[in-house]
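Printed here is my_file-v6.pdb (PDB, C-alpha atoms):
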MODEL        1
ATOM      1  CA  MET A  14      23.777  62.280  79.918  1.00  0.00           C
ATOM      2  CA  SER A  15      26.902  63.572  78.215  1.00  0.00           C
ATOM      3  CA  PRO A  16      30.315  62.192  79.183  1.00  0.00           C
ATOM      4  CA  GLU A  17      32.525  64.070  81.615  1.00  0.00           C
ATOM      5  CA  PRO A  18      34.852  66.444  79.723  1.00  0.00           C
ATOM      6  CA  THR A  19      38.486  65.382  79.613  1.00  0.00           C
ATOM      7  CA  PRO A  20      41.068  67.572  81.351  1.00  0.00           C
ATOM      8  CA  TYR A  21      42.201  68.528  77.833  1.00  0.00           C
ATOM      9  CA  ASP A  22      38.723  69.863  77.042  1.00  0.00           C
ATOM     10  CA  ALA A  23      38.199  71.441  80.465  1.00  0.00           C
ATOM     11  CA  LEU A  24      41.464  73.381  80.162  1.00  0.00           C
ATOM     12  CA  GLY A  25      40.631  74.741  76.712  1.00  0.00           C
ATOM     13  CA  GLY A  26      41.687  72.049  74.246  1.00  0.00           C
ATOM     14  CA  GLU A  27      44.191  72.545  71.464  1.00  0.00           C
ATOM     15  CA  ALA A  28      44.303  76.342  71.717  1.00  0.00           C
ATOM     16  CA  ALA A  29      45.077  76.250  75.437  1.00  0.00           C
ATOM     17  CA  MET A  30      47.731  73.549  75.108  1.00  0.00           C
ATOM     18  CA  ARG A  31      49.451  75.410  72.285  1.00  0.00           C
ATOM     19  CA  ALA A  32      49.335  78.653  74.282  1.00  0.00           C
ATOM     20  CA  LEU A  33      50.708  76.898  77.376  1.00  0.00           C
ATOM     21  CA  VAL A  34      53.600  75.319  75.504  1.00  0.00           C
ATOM     22  CA  ASP A  35      54.357  78.525  73.595  1.00  0.00           C
ATOM     23  CA  ARG A  36      54.425  80.589  76.783  1.00  0.00           C
ATOM     24  CA  PHE A  37      56.539  77.958  78.551  1.00  0.00           C
ATOM     25  CA  TYR A  38      59.226  78.071  75.859  1.00  0.00           C
ATOM     26  CA  GLU A  39      59.113  81.877  75.723  1.00  0.00           C
ATOM     27  CA  LEU A  40      59.834  81.889  79.453  1.00  0.00           C
ATOM     28  CA  MET A  41      62.675  79.404  78.966  1.00  0.00           C
ATOM     29  CA  ASP A  42      64.308  82.004  76.698  1.00  0.00           C
ATOM     30  CA  GLU A  43      63.364  85.047  78.798  1.00  0.00           C
ATOM     31  CA  LEU A  44      64.154  84.057  82.369  1.00  0.00           C
ATOM     32  CA  PRO A  45      67.823  83.917  83.371  1.00  0.00           C
ATOM     33  CA  GLU A  46      66.837  81.435  86.105  1.00  0.00           C
ATOM     34  CA  ALA A  47      65.703  79.026  83.373  1.00  0.00           C
ATOM     35  CA  GLN A  48      69.212  78.511  81.985  1.00  0.00           C
ATOM     36  CA  PRO A  49      69.902  75.186  83.734  1.00  0.00           C
ATOM     37  CA  ALA A  50      66.952  73.713  81.829  1.00  0.00           C
ATOM     38  CA  ARG A  51      67.233  75.812  78.664  1.00  0.00           C
ATOM     39  CA  ARG A  52      70.790  74.730  77.943  1.00  0.00           C
ATOM     40  CA  LEU A  53      69.579  71.117  77.637  1.00  0.00           C
ATOM     41  CA  HIS A  54      67.393  72.113  74.678  1.00  0.00           C
ATOM     42  CA  PRO A  55      68.376  72.797  71.069  1.00  0.00           C
ATOM     43  CA  GLN A  56      68.740  76.403  69.940  1.00  0.00           C
ATOM     44  CA  ASP A  57      65.695  76.001  67.690  1.00  0.00           C
ATOM     45  CA  LEU A  58      62.801  75.012  69.943  1.00  0.00           C
ATOM     46  CA  GLY A  59      60.351  74.260  67.134  1.00  0.00           C
ATOM     47  CA  GLU A  60      60.518  70.461  67.288  1.00  0.00           C
ATOM     48  CA  VAL A  61      60.555  70.175  71.095  1.00  0.00           C
ATOM     49  CA  ARG A  62      57.719  72.693  71.304  1.00  0.00           C
ATOM     50  CA  GLN A  63      55.611  70.553  68.967  1.00  0.00           C
ATOM     51  CA  LYS A  64      56.475  67.358  70.838  1.00  0.00           C
ATOM     52  CA  LEU A  65      55.502  68.816  74.220  1.00  0.00           C
ATOM     53  CA  PHE A  66      52.205  70.046  72.768  1.00  0.00           C
ATOM     54  CA  GLU A  67      51.553  66.579  71.330  1.00  0.00           C
ATOM     55  CA  TYR A  68      52.496  64.889  74.595  1.00  0.00           C
ATOM     56  CA  PHE A  69      50.261  67.119  76.742  1.00  0.00           C
ATOM     57  CA  SER A  70      47.396  66.590  74.297  1.00  0.00           C
ATOM     58  CA  GLY A  71      47.340  62.835  74.780  1.00  0.00           C
ATOM     59  CA  TRP A  72      48.332  62.949  78.461  1.00  0.00           C
ATOM     60  CA  LEU A  73      45.256  65.051  79.243  1.00  0.00           C
ATOM     61  CA  GLY A  74      42.766  62.942  77.297  1.00  0.00           C
ATOM     62  CA  GLY A  75      42.870  64.802  73.998  1.00  0.00           C
ATOM     63  CA  PRO A  76      44.073  63.402  70.686  1.00  0.00           C
ATOM     64  CA  PRO A  77      47.006  60.986  71.218  1.00  0.00           C
ATOM     65  CA  LEU A  78      49.243  62.921  68.829  1.00  0.00           C
ATOM     66  CA  PHE A  79      52.585  61.989  70.382  1.00  0.00           C
ATOM     67  CA  GLU A  80      51.767  58.292  70.613  1.00  0.00           C
ATOM     68  CA  THR A  81      50.489  58.218  67.042  1.00  0.00           C
ATOM     69  CA  LYS A  82      53.786  59.645  65.737  1.00  0.00           C
ATOM     70  CA  TYR A  83      56.369  58.206  68.108  1.00  0.00           C
ATOM     71  CA  GLY A  84      54.794  55.338  70.034  1.00  0.00           C
ATOM     72  CA  HIS A  85      54.741  55.079  73.820  1.00  0.00           C
ATOM     73  CA  PRO A  86      56.190  58.265  75.355  1.00  0.00           C
ATOM     74  CA  ARG A  87      58.799  56.495  77.554  1.00  0.00           C
ATOM     75  CA  MET A  88      59.547  59.961  78.910  1.00  0.00           C
ATOM     76  CA  ARG A  89      62.287  58.970  81.331  1.00  0.00           C
ATOM     77  CA  ALA A  90      64.114  56.907  78.703  1.00  0.00           C
ATOM     78  CA  ARG A  91      63.853  59.751  76.185  1.00  0.00           C
ATOM     79  CA  HIS A  92      65.406  62.145  78.713  1.00  0.00           C
ATOM     80  CA  MET A  93      68.238  59.861  79.908  1.00  0.00           C
ATOM     81  CA  PRO A  94      70.822  61.345  77.494  1.00  0.00           C
ATOM     82  CA  PHE A  95      70.494  64.649  79.375  1.00  0.00           C
ATOM     83  CA  ALA A  96      71.919  65.301  82.837  1.00  0.00           C
ATOM     84  CA  ILE A  97      68.830  66.359  84.774  1.00  0.00           C
ATOM     85  CA  GLY A  98      69.273  67.192  88.431  1.00  0.00           C
ATOM     86  CA  SER A  99      67.336  69.326  90.866  1.00  0.00           C
ATOM     87  CA  ALA A 100      68.562  72.596  89.312  1.00  0.00           C
ATOM     88  CA  GLU A 101      67.338  71.598  85.839  1.00  0.00           C
ATOM     89  CA  ARG A 102      64.046  70.288  87.210  1.00  0.00           C
ATOM     90  CA  ASP A 103      63.466  73.441  89.249  1.00  0.00           C
ATOM     91  CA  ALA A 104      64.275  75.749  86.312  1.00  0.00           C
ATOM     92  CA  TRP A 105      61.877  73.791  84.090  1.00  0.00           C
ATOM     93  CA  LEU A 106      59.165  73.937  86.756  1.00  0.00           C
ATOM     94  CA  LEU A 107      59.678  77.671  87.274  1.00  0.00           C
ATOM     95  CA  CYS A 108      58.805  78.310  83.628  1.00  0.00           C
ATOM     96  CA  MET A 109      55.981  75.800  83.571  1.00  0.00           C
ATOM     97  CA  LYS A 110      54.400  77.186  86.765  1.00  0.00           C
ATOM     98  CA  GLN A 111      54.393  80.722  85.375  1.00  0.00           C
ATOM     99  CA  ALA A 112      52.970  79.505  82.051  1.00  0.00           C
ATOM    100  CA  PHE A 113      50.244  77.579  83.921  1.00  0.00           C
ATOM    101  CA  GLU A 114      49.272  80.668  85.899  1.00  0.00           C
ATOM    102  CA  GLU A 115      49.252  82.943  82.849  1.00  0.00           C
ATOM    103  CA  VAL A 116      47.500  80.643  80.383  1.00  0.00           C
ATOM    104  CA  LEU A 117      45.294  78.027  82.020  1.00  0.00           C
ATOM    105  CA  PRO A 118      42.038  78.712  83.865  1.00  0.00           C
ATOM    106  CA  ALA A 119      42.398  78.450  87.634  1.00  0.00           C
ATOM    107  CA  GLY A 120      40.615  75.591  89.330  1.00  0.00           C
ATOM    108  CA  GLU A 121      40.598  71.944  90.238  1.00  0.00           C
ATOM    109  CA  VAL A 122      41.509  70.658  86.771  1.00  0.00           C
ATOM    110  CA  ARG A 123      44.549  72.945  86.489  1.00  0.00           C
ATOM    111  CA  ASP A 124      45.607  71.997  90.029  1.00  0.00           C
ATOM    112  CA  ALA A 125      45.351  68.277  89.213  1.00  0.00           C
ATOM    113  CA  PHE A 126      47.352  68.794  85.996  1.00  0.00           C
ATOM    114  CA  TRP A 127      49.988  70.728  87.972  1.00  0.00           C
ATOM    115  CA  ARG A 128      50.367  67.885  90.471  1.00  0.00           C
ATOM    116  CA  ARG A 129      50.948  65.480  87.583  1.00  0.00           C
ATOM    117  CA  VAL A 130      53.513  67.837  86.056  1.00  0.00           C
ATOM    118  CA  LEU A 131      55.353  68.053  89.390  1.00  0.00           C
ATOM    119  CA  GLY A 132      55.582  64.275  89.526  1.00  0.00           C
ATOM    120  CA  LEU A 133      56.704  64.044  85.931  1.00  0.00           C
ATOM    121  CA  ALA A 134      59.402  66.684  86.390  1.00  0.00           C
ATOM    122  CA  ASP A 135      60.764  64.931  89.449  1.00  0.00           C
ATOM    123  CA  PHE A 136      60.671  61.559  87.647  1.00  0.00           C
ATOM    124  CA  MET A 137      62.890  63.004  84.873  1.00  0.00           C
ATOM    125  CA  ARG A 138      65.754  63.621  87.326  1.00  0.00           C
ATOM    126  CA  ASN A 139      68.642  61.269  86.662  1.00  0.00           C
ATOM    127  CA  GLN A 140      71.345  63.064  88.652  1.00  0.00           C
ATOM    128  CA  ASP A 141      71.740  63.624  92.393  1.00  0.00           C
TER     129      ASP A 141
ENDMDL
END
Can you give me the file's structure in the form of structure tokens?
Amino acid sequence: MSPEPTPYDALGGEAAMRALVDRFYELMDELPEAQPARRLHPQDLGEVRQKLFEYFSGWLGGPPLFETKYGHPRMRARHMPFAIGSAERDAWLLCMKQAFEEVLPAGEVRDAFWRRVLGLADFMRNQD
């Protein structure tokens, strides 16, 4: 009996994660409502785009690319230098939700991933 596919595999693997992250950052630049989150990012999104791809890869059971390069993600600690409140979280989630719907196959695995993303986004808040 073959092992259960990881969420990474079930969602489409590397190609899907790259497409998700690419679409997410396109939306960050396109949607005026994304500005509270976009302004926290550098003008050139190349490095953060790669890091988010690497993070999602390992987080979903694919290759642990982020951890291999940078060690434990410590996501909250890495985001502490940025003032992240509800407006920034909501702008980030707006883009991510649209990217999810456009890129990832609908179903239980996507829904479970989305719930994890919601928790992560809320955990990043460090402002009231």
Report as a list of chain:residue names the residues that result from applying the PyMOL selection byres ((chain A and resi 80) around 12) to the structure here. A:Lys64, A:Leu65, A:Phe66, A:Glu67, A:Tyr68, A:Phe69, A:Ser70, A:Gly71, A:Trp72, A:Gly75, A:Pro76, A:Pro77, A:Leu78, A:Phe79, A:Thr81, A:Lys82, A:Tyr83, A:Gly84, A:His85, A:Pro86, A:Arg87, A:Met88
Quiz prompt | 9 Å contact set for region 135-141 of chain A, only C-alpha atoms, chain neighbours under 2 positions out, as a list in words | solution = Met88, Arg89, Ala90, His92, Met93, Phe95, Ala96, Ile97, Gly98, Ser99, Glu101, Arg102, Asp103, Val130, Leu131, Gly132 and Leu133 of chain A
Taking the file as I've supplied it (selection: the PyMOL selection byres ((chain A and resi 32-40) around 10)), which residues are included? Please answer as a CSV table (one decimal) with C-alpha atoms, keeping the file's coordinate frame.
chain,number,residue,atom,x,y,z
A,25,GLY,CA,40.6,74.7,76.7
A,27,GLU,CA,44.2,72.5,71.5
A,28,ALA,CA,44.3,76.3,71.7
A,29,ALA,CA,45.1,76.2,75.4
A,30,MET,CA,47.7,73.5,75.1
A,31,ARG,CA,49.5,75.4,72.3
A,41,MET,CA,62.7,79.4,79.0
A,42,ASP,CA,64.3,82.0,76.7
A,43,GLU,CA,63.4,85.0,78.8
A,44,LEU,CA,64.2,84.1,82.4
A,45,PRO,CA,67.8,83.9,83.4
A,46,GLU,CA,66.8,81.4,86.1
A,47,ALA,CA,65.7,79.0,83.4
A,51,ARG,CA,67.2,75.8,78.7
A,58,LEU,CA,62.8,75.0,69.9
A,59,GLY,CA,60.4,74.3,67.1
A,61,VAL,CA,60.6,70.2,71.1
A,62,ARG,CA,57.7,72.7,71.3
A,63,GLN,CA,55.6,70.6,69.0
A,64,LYS,CA,56.5,67.4,70.8
A,65,LEU,CA,55.5,68.8,74.2
A,66,PHE,CA,52.2,70.0,72.8
A,67,GLU,CA,51.6,66.6,71.3
A,69,PHE,CA,50.3,67.1,76.7
A,105,TRP,CA,61.9,73.8,84.1
A,106,LEU,CA,59.2,73.9,86.8
A,107,LEU,CA,59.7,77.7,87.3
A,108,CYS,CA,58.8,78.3,83.6
A,109,MET,CA,56.0,75.8,83.6
A,110,LYS,CA,54.4,77.2,86.8
A,111,GLN,CA,54.4,80.7,85.4
A,112,ALA,CA,53.0,79.5,82.1
A,113,PHE,CA,50.2,77.6,83.9
A,114,GLU,CA,49.3,80.7,85.9
A,115,GLU,CA,49.3,82.9,82.8
A,116,VAL,CA,47.5,80.6,80.4
A,117,LEU,CA,45.3,78.0,82.0
Calculated over all atoms listed in the file, which of the candidates A:Pro55, A:Gly120, A:Gly74, A:Pro49 has the smallest distance to Glu17 (chain A)?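 Comparing A:Pro55, A:Gly120, A:Gly74, A:Pro49 against Glu17 (chain A), the winner is A:Gly74.
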Would you compute, for all listed atoms of region 46-52 of chain A, the axis-aligned bounding box grown by 8 Å on each side, and then report its centre and edge lengths in Å rounded to one decimal, as JSON?
{"center_x": 68.2, "center_y": 77.6, "center_z": 82.0, "size_x": 21.1, "size_y": 23.7, "size_z": 24.2}
Atom pair CA of Arg129 (chain A) + CA of Asp57 (chain A), distance 26.9 Å
_I'd like the interatomic distance between CA of Ala100 (chain A) and CA of Arg128 (chain A), to a tenth of an Å._
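Distance reported for this atom pair: 18.8 Å.
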Report task. Identify which of the residues A:Trp127, A:Pro16, A:Leu53, A:Ala104 lies closest to Leu73 (chain A), counting all atoms listed in the file when measuring atom-to-atom distances. Result ->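 Checking each candidate against Leu73 (chain A), we get A:Trp127 as the closest.
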Separating CA of Pro20 (chain A) from CA of Ala134 (chain A), to the nearest tenth of an Å, is a gap of 19.0 Å
* Asked: From the set A:Leu24, A:Pro18, A:Arg52, A:Arg91, which residue has the shortest atom-to-atom contact distance to Ala125 (chain A), counting only C-alpha atoms?
  ->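 Answer, going by the shortest atom-to-atom distance: A:Leu24.
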